[in-house]
file target.tsv (TSV, C-alpha atoms)
chain	number	residue	atom	x	y	z
A	1	MET	CA	-60.93	-13.65	13.33
A	2	ALA	CA	-63.13	-10.98	14.92
A	3	GLU	CA	-60.21	-8.78	15.91
A	4	SER	CA	-58.62	-9.07	12.52
A	5	LEU	CA	-61.77	-7.60	10.92
A	6	HIS	CA	-61.67	-4.55	13.15
A	7	LYS	CA	-60.92	-1.95	10.49
A	8	GLU	CA	-63.57	-3.42	8.17
A	9	SER	CA	-66.21	-3.15	10.92
A	10	LYS	CA	-65.09	0.40	11.61
A	11	VAL	CA	-65.93	1.41	8.04
A	12	ILE	CA	-69.44	0.01	8.40
A	13	GLU	CA	-69.89	1.69	11.76
A	14	ASP	CA	-68.89	5.03	10.29
A	15	ILE	CA	-71.25	4.65	7.35
A	16	SER	CA	-74.26	3.31	9.30
A	17	ALA	CA	-73.92	6.08	11.87
A	18	LYS	CA	-74.57	8.63	9.15
A	19	PHE	CA	-76.78	6.82	6.64
A	20	LYS	CA	-78.95	4.39	8.64
A	21	ILE	CA	-78.04	1.46	6.44
A	22	ALA	CA	-76.58	-1.88	7.34
A	23	GLY	CA	-73.41	-3.03	5.65
A	24	LYS	CA	-71.78	-6.39	5.60
A	25	VAL	CA	-68.19	-7.44	6.08
A	26	GLN	CA	-67.84	-9.95	3.31
A	27	ARG	CA	-64.42	-11.13	4.36
A	28	GLU	CA	-61.06	-9.64	5.12
A	29	ARG	CA	-60.66	-6.32	3.28
A	30	ARG	CA	-64.06	-6.64	1.57
A	31	VAL	CA	-67.02	-4.54	2.67
A	32	TRP	CA	-70.43	-4.38	1.00
A	33	VAL	CA	-72.99	-1.64	1.41
A	34	THR	CA	-76.38	-1.29	-0.27
A	35	ILE	CA	-78.03	2.10	-0.49
A	36	ASP	CA	-80.98	3.89	-2.03
A	37	LYS	CA	-80.08	5.72	-5.21
A	38	ASP	CA	-81.13	9.12	-3.82
A	39	GLU	CA	-78.48	8.85	-1.13
A	40	LEU	CA	-75.79	7.41	-3.39
A	41	ILE	CA	-73.94	10.64	-4.11
A	42	ALA	CA	-73.93	11.64	-0.46
A	43	LEU	CA	-72.54	8.23	0.47
A	44	CYS	CA	-69.88	8.41	-2.23
A	45	ASN	CA	-68.80	11.83	-0.96
A	46	PHE	CA	-68.70	10.45	2.56
A	47	ALA	CA	-66.72	7.38	1.45
A	48	LYS	CA	-64.14	9.54	-0.25
A	49	GLY	CA	-63.79	11.45	2.98
A	50	LEU	CA	-63.13	8.13	4.75
A	51	GLY	CA	-60.15	7.56	2.46
A	52	PHE	CA	-61.72	5.69	-0.45
A	53	GLU	CA	-60.01	7.85	-2.99
A	54	HIS	CA	-59.72	5.36	-5.84
A	55	LEU	CA	-62.75	4.35	-7.87
A	56	SER	CA	-61.71	0.99	-9.32
A	57	ALA	CA	-64.79	0.33	-11.40
A	58	ILE	CA	-68.47	0.90	-11.85
A	59	SER	CA	-70.52	-1.98	-13.14
A	60	VAL	CA	-74.13	-2.56	-14.05
A	61	THR	CA	-76.06	-5.78	-13.62
A	62	ASP	CA	-79.26	-6.10	-15.60
A	63	TRP	CA	-82.21	-7.76	-13.85
A	64	PRO	CA	-85.01	-7.73	-16.43
A	65	GLU	CA	-87.39	-9.86	-14.33
A	66	GLU	CA	-87.17	-7.38	-11.47
A	67	GLY	CA	-87.16	-4.42	-13.83
A	68	THR	CA	-84.00	-3.00	-12.29
A	69	PHE	CA	-80.42	-2.18	-13.04
A	70	GLU	CA	-78.03	-2.79	-10.18
A	71	LEU	CA	-75.11	-0.38	-10.07
A	72	THR	CA	-71.99	-1.46	-8.24
A	73	TYR	CA	-69.24	0.96	-7.28
A	74	HIS	CA	-65.90	-0.52	-6.26
A	75	LEU	CA	-63.87	1.82	-4.10
A	76	TRP	CA	-60.37	1.24	-2.86
A	77	SER	CA	-58.72	2.85	0.10
A	78	TYR	CA	-54.93	3.00	-0.12
A	79	SER	CA	-54.54	3.84	3.54
A	80	GLU	CA	-56.90	1.17	4.95
A	81	ARG	CA	-56.44	-1.37	2.14
A	82	ILE	CA	-60.14	-2.08	1.95
A	83	LEU	CA	-62.33	-2.59	-1.11
A	84	LEU	CA	-65.68	-0.96	-0.42
A	85	THR	CA	-68.50	-2.11	-2.67
A	86	ILE	CA	-71.50	0.19	-2.89
A	87	LYS	CA	-74.62	-1.19	-4.53
A	88	THR	CA	-77.73	0.61	-5.58
A	89	LYS	CA	-80.75	-0.22	-7.73
A	90	LEU	CA	-82.28	1.83	-10.51
A	91	ASP	CA	-85.61	1.58	-12.24
A	92	ARG	CA	-84.98	-0.13	-15.55
A	93	ALA	CA	-87.55	2.01	-17.35
A	94	ASN	CA	-85.93	5.23	-16.17
A	95	PRO	CA	-82.29	4.43	-15.35
A	96	ALA	CA	-81.06	7.80	-14.13
A	97	VAL	CA	-78.61	8.35	-11.32
A	98	GLY	CA	-76.34	11.17	-10.19
A	99	SER	CA	-72.88	11.32	-11.67
A	100	VAL	CA	-69.85	10.67	-9.49
A	101	VAL	CA	-67.56	12.57	-11.85
A	102	PRO	CA	-67.48	15.60	-9.50
A	103	ILE	CA	-66.13	13.23	-6.81
A	104	TRP	CA	-63.64	11.01	-8.63
A	105	LYS	CA	-63.13	13.11	-11.78
A	106	GLU	CA	-61.58	11.32	-14.80
A	107	ASN	CA	-61.52	8.09	-12.85
A	108	ALA	CA	-65.30	7.96	-13.08
A	109	GLN	CA	-65.68	9.56	-16.48
A	110	ILE	CA	-64.60	6.57	-18.56
A	111	HIS	CA	-66.81	4.15	-16.62
A	112	GLU	CA	-69.88	6.34	-16.88
A	113	ARG	CA	-69.42	6.81	-20.61
A	114	GLU	CA	-69.11	3.07	-21.07
A	115	LEU	CA	-72.16	2.22	-19.02
A	116	HIS	CA	-74.16	4.91	-20.77
A	117	GLU	CA	-73.46	3.42	-24.17
A	118	LEU	CA	-73.74	-0.25	-23.20
A	119	PHE	CA	-76.74	-0.09	-20.84
A	120	GLY	CA	-78.28	3.29	-21.52
A	121	VAL	CA	-77.87	4.47	-17.92
A	122	GLU	CA	-78.18	8.24	-17.63
A	123	PHE	CA	-75.61	9.85	-15.35
A	124	GLU	CA	-77.11	13.20	-14.46
A	125	GLY	CA	-74.47	15.89	-14.27
A	126	ASN	CA	-71.97	14.16	-16.55
A	127	GLU	CA	-71.23	16.57	-19.38
A	128	ASP	CA	-69.68	14.15	-21.86
A	129	LEU	CA	-71.52	10.88	-22.44
A	130	THR	CA	-70.45	10.43	-26.07
A	131	PRO	CA	-70.07	6.79	-27.13
A	132	LEU	CA	-66.74	5.08	-26.51
A	133	PHE	CA	-66.86	2.20	-28.96
A	134	LEU	CA	-70.15	2.30	-30.80
A	135	GLU	CA	-69.90	5.09	-33.33
A	136	ASP	CA	-73.04	5.67	-35.38
A	137	TRP	CA	-74.90	3.08	-33.35
A	138	ASP	CA	-78.67	3.18	-33.88
A	139	GLY	CA	-79.74	0.01	-32.07
A	140	PRO	CA	-80.71	-0.33	-28.42
A	141	PRO	CA	-77.98	-0.39	-25.74
A	142	PRO	CA	-76.36	-3.73	-26.58
A	143	PHE	CA	-75.57	-5.09	-23.12
A	144	ARG	CA	-79.19	-5.08	-22.00
A	145	LYS	CA	-80.37	-8.62	-21.63
A	146	ASP	CA	-83.47	-8.06	-23.74
A	147	PHE	CA	-81.36	-6.97	-26.72
A	148	ASP	CA	-81.58	-9.77	-29.28
A	149	TRP	CA	-78.12	-9.35	-30.77
A	150	LYS	CA	-78.38	-12.39	-33.03
A	151	GLU	CA	-81.50	-11.01	-34.65
A	152	TYR	CA	-79.91	-7.58	-34.91
A	153	VAL	CA	-76.86	-9.02	-36.67
A	154	ARG	CA	-79.02	-10.98	-39.09
A	155	GLN	CA	-80.91	-7.87	-40.07
A	156	GLN	CA	-77.86	-5.67	-40.18
A	157	TYR	CA	-75.33	-7.88	-41.93
A	158	TYR	CA	-76.86	-10.94	-43.54
A	159	ASP	CA	-79.29	-11.77	-46.29
A	160	GLN	CA	-81.51	-14.82	-45.97
A	161	ALA	CA	-81.97	-15.00	-49.74
A	162	ASN	CA	-78.24	-15.47	-50.15
A	163	GLU	CA	-77.61	-19.19	-50.24
A	164	ARG	CA	-74.20	-18.88	-48.56
A	165	GLU	CA	-75.68	-16.96	-45.64
A	166	ARG	CA	-78.79	-19.06	-45.09
A	167	ALA	CA	-77.02	-21.07	-42.43
A	168	TYR	CA	-76.99	-18.03	-40.16
A	169	TYR	CA	-80.80	-18.22	-40.03
A	170	ASP	CA	-81.04	-21.87	-38.95
B	1	MET	CA	-49.62	1.46	-69.50
B	2	VAL	CA	-45.85	1.57	-69.93
B	3	GLU	CA	-45.67	4.20	-67.27
B	4	GLN	CA	-47.86	2.16	-64.98
B	5	ALA	CA	-45.75	-0.92	-65.50
B	6	THR	CA	-42.65	1.08	-64.56
B	7	LYS	CA	-44.37	2.26	-61.46
B	8	MET	CA	-45.28	-1.25	-60.53
B	9	LYS	CA	-41.70	-2.46	-60.89
B	10	ARG	CA	-40.92	-0.55	-57.74
B	11	LEU	CA	-43.15	-2.99	-55.96
B	12	ILE	CA	-41.31	-5.97	-57.34
B	13	ASN	CA	-38.04	-5.06	-55.65
B	14	ALA	CA	-39.48	-4.55	-52.24
B	15	ILE	CA	-42.84	-4.09	-50.61
B	16	TRP	CA	-43.24	-1.72	-47.77
B	17	ILE	CA	-45.96	-2.77	-45.43
B	18	PHE	CA	-48.22	-0.88	-43.12
B	19	ASN	CA	-49.90	-3.01	-40.47
B	20	TRP	CA	-53.41	-2.38	-39.25
B	21	PHE	CA	-54.18	-5.14	-36.79
B	22	ASN	CA	-56.97	-5.52	-34.31
B	23	SER	CA	-57.29	-7.92	-31.41
B	24	CYS	CA	-55.19	-11.07	-31.91
B	25	GLY	CA	-54.31	-9.99	-35.46
B	26	PHE	CA	-50.65	-9.23	-34.91
B	27	CYS	CA	-49.99	-12.79	-33.69
B	28	GLU	CA	-50.24	-13.71	-37.33
B	29	LEU	CA	-47.32	-11.57	-38.36
B	30	ILE	CA	-44.98	-11.82	-35.37
B	31	PRO	CA	-43.26	-15.02	-36.58
B	32	LEU	CA	-42.55	-13.34	-39.90
B	33	VAL	CA	-40.82	-10.41	-38.28
B	34	GLY	CA	-38.64	-12.69	-36.18
B	35	SER	CA	-35.45	-14.35	-37.29
B	36	ARG	CA	-36.86	-17.76	-38.19
B	37	TRP	CA	-39.01	-16.62	-41.10
B	38	ASP	CA	-37.39	-13.20	-41.43
B	39	MET	CA	-39.53	-11.32	-43.91
B	40	GLU	CA	-36.88	-8.67	-44.56
B	41	ARG	CA	-34.77	-11.05	-46.59
B	42	PHE	CA	-37.56	-11.00	-49.20
B	43	GLY	CA	-37.74	-7.24	-49.20
B	44	MET	CA	-40.80	-6.97	-46.99
B	45	ILE	CA	-40.32	-4.06	-44.66
B	46	ILE	CA	-42.73	-2.61	-42.13
B	47	THR	CA	-43.10	1.14	-42.23
B	48	GLY	CA	-44.32	3.43	-39.53
B	49	THR	CA	-46.65	5.43	-41.70
B	50	PRO	CA	-49.19	4.57	-44.39
B	51	ARG	CA	-47.80	7.36	-46.56
B	52	HIS	CA	-44.68	5.26	-47.20
B	53	ALA	CA	-46.45	1.96	-47.65
B	54	ASP	CA	-47.19	-0.07	-50.77
B	55	VAL	CA	-49.15	-2.78	-49.07
B	56	LEU	CA	-51.68	-2.59	-46.29
B	57	PHE	CA	-51.96	-5.65	-44.08
B	58	ILE	CA	-55.27	-5.87	-42.27
B	59	ALA	CA	-55.79	-8.62	-39.76
B	60	GLY	CA	-58.24	-9.49	-37.06
B	61	TYR	CA	-61.82	-8.36	-36.83
B	62	GLN	CA	-62.53	-4.73	-37.55
B	63	THR	CA	-65.05	-2.98	-35.36
B	64	LEU	CA	-67.45	-0.36	-36.67
B	65	LYS	CA	-65.11	2.20	-35.17
B	66	SER	CA	-61.77	0.85	-36.34
B	67	ILE	CA	-62.88	0.25	-39.93
B	68	LYS	CA	-63.31	3.99	-40.39
B	69	ARG	CA	-59.71	4.54	-39.34
B	70	ALA	CA	-58.64	1.76	-41.70
B	71	GLN	CA	-60.40	3.52	-44.55
B	72	VAL	CA	-58.53	6.74	-43.74
B	73	ILE	CA	-55.26	4.81	-43.69
B	74	TYR	CA	-56.07	3.28	-47.05
B	75	GLU	CA	-56.73	6.72	-48.52
B	76	GLN	CA	-53.44	8.01	-47.14
B	77	MET	CA	-51.40	5.38	-48.98
B	78	PRO	CA	-49.92	6.45	-52.30
B	79	ASP	CA	-50.78	4.58	-55.48
B	80	PRO	CA	-49.97	1.89	-56.49
B	81	LYS	CA	-51.21	0.08	-53.45
B	82	ALA	CA	-52.50	-3.31	-52.49
B	83	VAL	CA	-54.49	-4.59	-49.54
B	84	ILE	CA	-53.89	-8.02	-48.05
B	85	ALA	CA	-56.41	-9.28	-45.54
B	86	LEU	CA	-55.18	-11.87	-43.06
B	87	GLY	CA	-57.26	-14.42	-41.27
B	88	ALA	CA	-60.78	-15.71	-41.03
B	89	CYS	CA	-62.12	-12.57	-39.35
B	90	THR	CA	-61.55	-10.39	-42.37
B	91	MET	CA	-63.32	-12.85	-44.66
B	92	SER	CA	-66.45	-13.74	-42.76
B	93	GLY	CA	-66.21	-12.21	-39.31
B	94	GLY	CA	-64.55	-15.42	-38.12
B	95	MET	CA	-65.59	-16.30	-34.59
B	96	TYR	CA	-67.27	-12.89	-34.41
B	97	TRP	CA	-69.74	-13.75	-37.15
B	98	ASP	CA	-72.65	-12.94	-34.83
B	99	SER	CA	-71.20	-9.89	-33.11
B	100	TYR	CA	-73.20	-6.70	-33.38
B	101	ASN	CA	-70.10	-4.52	-33.41
B	102	THR	CA	-67.77	-6.10	-35.95
B	103	ILE	CA	-67.85	-5.95	-39.71
B	104	LYS	CA	-68.28	-9.24	-41.53
B	105	ARG	CA	-66.64	-8.84	-44.94
B	106	LEU	CA	-63.71	-6.50	-45.25
B	107	ALA	CA	-64.24	-6.13	-49.01
B	108	ASP	CA	-67.52	-4.35	-48.32
B	109	TYR	CA	-65.53	-1.50	-46.80
B	110	ILE	CA	-62.07	-1.52	-48.39
B	111	PRO	CA	-60.91	-2.92	-51.74
B	112	VAL	CA	-59.11	-6.14	-50.85
B	113	ASN	CA	-56.65	-7.68	-53.29
B	114	ILE	CA	-55.83	-10.90	-51.51
B	115	TYR	CA	-57.42	-12.77	-48.64
B	116	ILE	CA	-55.26	-15.18	-46.66
B	117	PRO	CA	-57.40	-17.78	-44.88
B	118	GLY	CA	-56.55	-19.32	-41.53
B	119	CYS	CA	-56.93	-18.60	-37.87
B	120	PRO	CA	-54.16	-17.62	-37.71
B	121	PRO	CA	-52.68	-18.03	-41.20
B	122	ARG	CA	-49.35	-19.82	-41.30
B	123	PRO	CA	-46.35	-17.59	-42.00
B	124	GLU	CA	-45.80	-19.54	-45.21
B	125	ALA	CA	-49.28	-18.50	-46.34
B	126	VAL	CA	-48.41	-14.87	-45.82
B	127	PHE	CA	-45.24	-15.38	-47.85
B	128	GLU	CA	-47.22	-17.03	-50.59
B	129	ALA	CA	-49.55	-14.05	-50.77
B	130	CYS	CA	-46.60	-11.72	-51.00
B	131	MET	CA	-44.97	-13.87	-53.65
B	132	LYS	CA	-48.20	-13.54	-55.62
B	133	ILE	CA	-47.79	-9.81	-55.43
B	134	PHE	CA	-44.20	-10.07	-56.59
B	135	HIS	CA	-45.10	-12.37	-59.47
B	136	HIS	CA	-48.28	-10.83	-60.70
B	137	VAL	CA	-47.69	-7.25	-59.84
B	138	GLY	CA	-47.27	-6.29	-63.46
B	139	ALA	CA	-50.76	-7.48	-64.19
B	140	VAL	CA	-52.36	-5.56	-61.36
B	141	PRO	CA	-53.60	-2.11	-62.42
B	142	PRO	CA	-52.04	0.49	-60.17
B	143	HIS	CA	-55.27	1.64	-58.62
B	144	GLY	CA	-56.25	-0.94	-56.10
B	145	ARG	CA	-59.71	0.55	-55.96
B	146	LYS	CA	-60.45	0.04	-59.64
B	147	PHE	CA	-59.03	-3.44	-59.48
B	148	ALA	CA	-61.21	-4.36	-56.56
B	149	LYS	CA	-64.31	-2.81	-58.09
B	150	ALA	CA	-63.83	-4.73	-61.33
B	151	HIS	CA	-63.37	-7.96	-59.43
B	152	ARG	CA	-66.28	-7.44	-57.12
B	153	GLY	CA	-68.55	-6.97	-60.10

call {"tool": "encode", "arguments": {"input": "target.tsv", "output": "C-alpha cells"}}
result
Amino acid sequence: MAESLHKESKVIEDISAKFKIAGKVQRERRVWVTIDKDELIALCNFAKGLGFEHLSAISVTDWPEEGTFELTYHLWSYSERILLTIKTKLDRANPAVGSVVPIWKENAQIHERELHELFGVEFEGNEDLTPLFLEDWDGPPPFRKDFDWKEYVRQQYYDQANERERAYYD
Amino acid sequence: MVEQATKMKRLINAIWIFNWFNSCGFCELIPLVGSRWDMERFGMIITGTPRHADVLFIAGYQTLKSIKRAQVIYEQMPDPKAVIALGACTMSGGMYWDSYNTIKRLADYIPVNIYIPGCPPRPEAVFEACMKIFHHVGAVPPHGRKFAKAHRG
C-alpha cells in the first residue's frame, strides 16, 4: 500500500517543502491540503505548476457556529491522475479571498460568480461577479445557513389573509 | 367581430405550438410527440420560433430569470394567441412552493388561458385542453391578454 501511494506523497512533499503546511493522503489519488487564505493564491499557482491544470470545482461550506466559510478547491492533474483538494477558511463577516481567475481563467470564472451570488463571497480581482441565476435579487445570499428561506418566501409570495394560502403559515 | 372570427378559424384547423419548458417540464409532452399519442394527427405541430406559434405551452416551474424570457416569448407571438400551462408547478409552484427562486402562479406574470393539472399531466389531459381550444376557439377573443385580464378580474 505504501509504495502505491508514492506519487500522492510526492505531491505533499513538494507542497510542504515550499509552504510549511502538512497535507494528508486521503486515499489513492486523493490528497488534501489546508492552507491559510493569505497563501492560497501562491499555493494555487504552485499547484498549477505541479501539473494541476484543471480546476474541477470550487465549493463553499458555511459554518455559522464557527463564524467561517470553508472554501474547497478541487484540482485535477491529468498527468499524475490525482485530485488535489485545497481547503481554506474565511471570516464569515468579511468573506474576501483572492480570485483564481488569473490562474485557471474561464474554468474558475463560473464557479466564482456562482459562489458570489449564493454565499456572498468576494473574490478580489474578479472583474465580472454579476449574478448567474438570481436576477433582481434583493434578499441575502440564499445559500447561507442563516437565511430563513421559508420566511422569505412567505413575505415575498404569499398572503396570510388569503384563506387559500393560510396553510403556508402553519 | 366577423374579422376576428375568421382569424380564429385558422386556429381551428391546426395549432402551432411553441414550447417553453423548464426542468422536468418536457417529460409531460414527450409522449405526445411520439408515435403512440402522435399529436400531429390532430394538427398540433411544434414550431421552432414563437413568431410562428399560435399556442404557447409552458411547463415546469419558472424561475425569476426564466419567466422574463417567457414574457418576451409571449410578446413575440402574433395574435391570436393562447397560453396553456402544464403541470402543478405552473399553478401553485408545485413541489417548489417554498422555493425562494421560483414563481408561484404563472397567471401573475403571463395571461394563461388553460391550466392542465397533474404532475405530470397525462397526455390525454393535454389533448383535452387542446380540444377545448379547437371547440371554443370562436368564443375566445383574439387577444389573449384581454381575455386573461377579464377573467382574472

call {"tool": "closest_atom_pairs", "arguments": {"input": "target.tsv", "of": "chain A", "to": "chain B", "cutoff": "7 Å", "atoms": "only C-alpha atoms", "output": "JSON lines"}}
result
{"residue": "A:Phe133", "atom": "CA", "partner": "B:Lys65", "partner_atom": "CA", "distance": 6.5}
{"residue": "A:Leu134", "atom": "CA", "partner": "B:Lys65", "partner_atom": "CA", "distance": 6.7}
{"residue": "A:Glu135", "atom": "CA", "partner": "B:Lys65", "partner_atom": "CA", "distance": 5.9}
{"residue": "A:Trp149", "atom": "CA", "partner": "B:Tyr100", "partner_atom": "CA", "distance": 6.2}
{"residue": "A:Lys150", "atom": "CA", "partner": "B:Asp98", "partner_atom": "CA", "distance": 6.0}
{"residue": "A:Tyr152", "atom": "CA", "partner": "B:Tyr100", "partner_atom": "CA", "distance": 6.9}
{"residue": "A:Val153", "atom": "CA", "partner": "B:Tyr100", "partner_atom": "CA", "distance": 5.4}

call {"tool": "closest_residue", "arguments": {"input": "target.tsv", "among": "A:Val121, A:Ala42, A:Ala22, A:Leu55", "to": "Leu84 of chain A", "atoms": "all atoms listed in the file"}}
result
A:Leu55

call {"tool": "residues_around", "arguments": {"input": "target.tsv", "residues": "segment 23-33 of chain B", "least_positions_apart": "5", "cutoff": "12 Å", "atoms": "all atoms listed in the file", "output": "PyMOL selection string"}}
result
chain B and resi 17-18+38-46+57-63+66+85-90+94-96+102+116-127+130

call {"tool": "closest_residue", "arguments": {"input": "target.tsv", "among": "A:Leu90, A:Ile82, A:Ala47, A:Leu40", "to": "His6 of chain A", "atoms": "all atoms listed in the file"}}
result
A:Ile82

call {"tool": "residues_around", "arguments": {"input": "target.tsv", "residues": "Ala70 of chain B", "least_positions_apart": "3", "cutoff": "10 Å", "atoms": "all atoms listed in the file", "output": "PyMOL selection string"}}
result
chain B and resi 20-21+56+58+62+65-67+73-76+109-110

call {"tool": "atom_distance", "arguments": {"input": "target.tsv", "atom1": "atom CA of Tyr73 of chain A", "atom2": "atom CA of Thr85 of chain A"}}
result
5.6 Å

call {"tool": "residues_around", "arguments": {"input": "target.tsv", "residues": "Leu83 of chain A", "least_positions_apart": "6", "cutoff": "8 Å", "atoms": "all atoms listed in the file", "output": "number ranges by chain"}}
result
A: 29-31, 74-77

call {"tool": "atom_distance", "arguments": {"input": "target.tsv", "atom1": "atom CA of Asn45 of chain A", "atom2": "atom CA of Glu28 of chain A"}}
result
23.6 Å

call {"tool": "atom_distance", "arguments": {"input": "target.tsv", "atom1": "atom CA of Pro131 of chain A", "atom2": "atom CA of Glu70 of chain A"}}
result
21.0 Å

call {"tool": "closest_residue", "arguments": {"input": "target.tsv", "among": "B:Met91, B:Ala53, B:Leu106, B:Val72", "to": "Ile15 of chain B", "atoms": "all atoms listed in the file"}}
result
B:Ala53

call {"tool": "residues_around", "arguments": {"input": "target.tsv", "residues": "Arg92 of chain A", "least_positions_apart": "4", "cutoff": "8 Å", "atoms": "all atoms listed in the file", "output": "PyMOL selection string"}}
result
chain A and resi 64+67-69

call {"tool": "closest_residue", "arguments": {"input": "target.tsv", "among": "A:Gln109, A:Asn94, A:Ser99, A:Ser9", "to": "Gly125 of chain A", "atoms": "only C-alpha atoms"}}
result
A:Ser99

call {"tool": "residues_near_point", "arguments": {"input": "target.tsv", "point": "(-74.8, 16.9, -16.2)", "cutoff": "12 Å", "atoms": "all atoms listed in the file", "output": "PyMOL selection string"}}
result
chain A and resi 96-102+109+112+122-129

call {"tool": "axis_aligned_box", "arguments": {"input": "target.tsv", "around": "segment 33-38 of chain A", "padding_each_side": "6 Å", "output": "AutoDock Vina command-line options"}}
result
--center_x -77.1 --center_y 3.7 --center_z -1.9 --size_x 20.1 --size_y 22.8 --size_z 18.6

call {"tool": "closest_residue", "arguments": {"input": "target.tsv", "among": "A:Asn107, A:Phe46, A:Ala167, A:Arg27", "to": "Asp14 of chain A", "atoms": "all atoms listed in the file"}}
result
A:Phe46

call {"tool": "build_atoms", "arguments": {"input": "target.tsv", "residues": "segment 52-65 of chain A", "atoms": "N, CA, C and O atoms", "output": "CSV table (one decimal), in the frame of the given file"}}
result
chain,number,residue,atom,x,y,z
A,52,PHE,N,-61.5,6.5,0.8
A,52,PHE,CA,-61.7,5.7,-0.4
A,52,PHE,C,-61.5,6.6,-1.7
A,52,PHE,O,-62.5,7.1,-2.3
A,53,GLU,N,-60.3,6.8,-2.0
A,53,GLU,CA,-60.0,7.8,-3.0
A,53,GLU,C,-59.9,7.3,-4.4
A,53,GLU,O,-59.8,8.0,-5.4
A,54,HIS,N,-59.9,6.0,-4.5
A,54,HIS,CA,-59.7,5.4,-5.8
A,54,HIS,C,-61.0,4.6,-6.2
A,54,HIS,O,-61.4,3.7,-5.5
A,55,LEU,N,-61.6,5.1,-7.3
A,55,LEU,CA,-62.8,4.4,-7.9
A,55,LEU,C,-62.2,3.3,-8.9
A,55,LEU,O,-61.8,3.6,-9.9
A,56,SER,N,-62.3,2.0,-8.5
A,56,SER,CA,-61.7,1.0,-9.3
A,56,SER,C,-62.6,0.7,-10.5
A,56,SER,O,-62.1,0.6,-11.6
A,57,ALA,N,-63.9,0.7,-10.3
A,57,ALA,CA,-64.8,0.3,-11.4
A,57,ALA,C,-66.2,0.7,-11.0
A,57,ALA,O,-66.6,0.7,-9.8
A,58,ILE,N,-67.0,0.9,-12.0
A,58,ILE,CA,-68.5,0.9,-11.8
A,58,ILE,C,-69.0,-0.2,-12.8
A,58,ILE,O,-68.6,-0.3,-13.9
A,59,SER,N,-69.9,-1.0,-12.3
A,59,SER,CA,-70.5,-2.0,-13.1
A,59,SER,C,-72.0,-2.0,-13.0
A,59,SER,O,-72.6,-1.5,-12.0
A,60,VAL,N,-72.7,-2.5,-14.0
A,60,VAL,CA,-74.1,-2.6,-14.0
A,60,VAL,C,-74.5,-4.0,-14.2
A,60,VAL,O,-73.9,-4.7,-15.0
A,61,THR,N,-75.5,-4.5,-13.4
A,61,THR,CA,-76.1,-5.8,-13.6
A,61,THR,C,-77.5,-5.6,-14.0
A,61,THR,O,-78.2,-4.8,-13.4
A,62,ASP,N,-77.9,-6.3,-15.1
A,62,ASP,CA,-79.3,-6.1,-15.6
A,62,ASP,C,-80.1,-7.2,-15.0
A,62,ASP,O,-79.8,-8.4,-15.1
A,63,TRP,N,-81.2,-6.8,-14.4
A,63,TRP,CA,-82.2,-7.8,-13.8
A,63,TRP,C,-83.6,-7.5,-14.5
A,63,TRP,O,-84.4,-6.8,-14.0
A,64,PRO,N,-83.8,-8.0,-15.7
A,64,PRO,CA,-85.0,-7.7,-16.4
A,64,PRO,C,-86.3,-8.2,-15.7
A,64,PRO,O,-87.3,-7.6,-15.8
A,65,GLU,N,-86.2,-9.4,-15.0
A,65,GLU,CA,-87.4,-9.9,-14.3
A,65,GLU,C,-87.8,-8.9,-13.2
A,65,GLU,O,-89.0,-8.7,-13.0
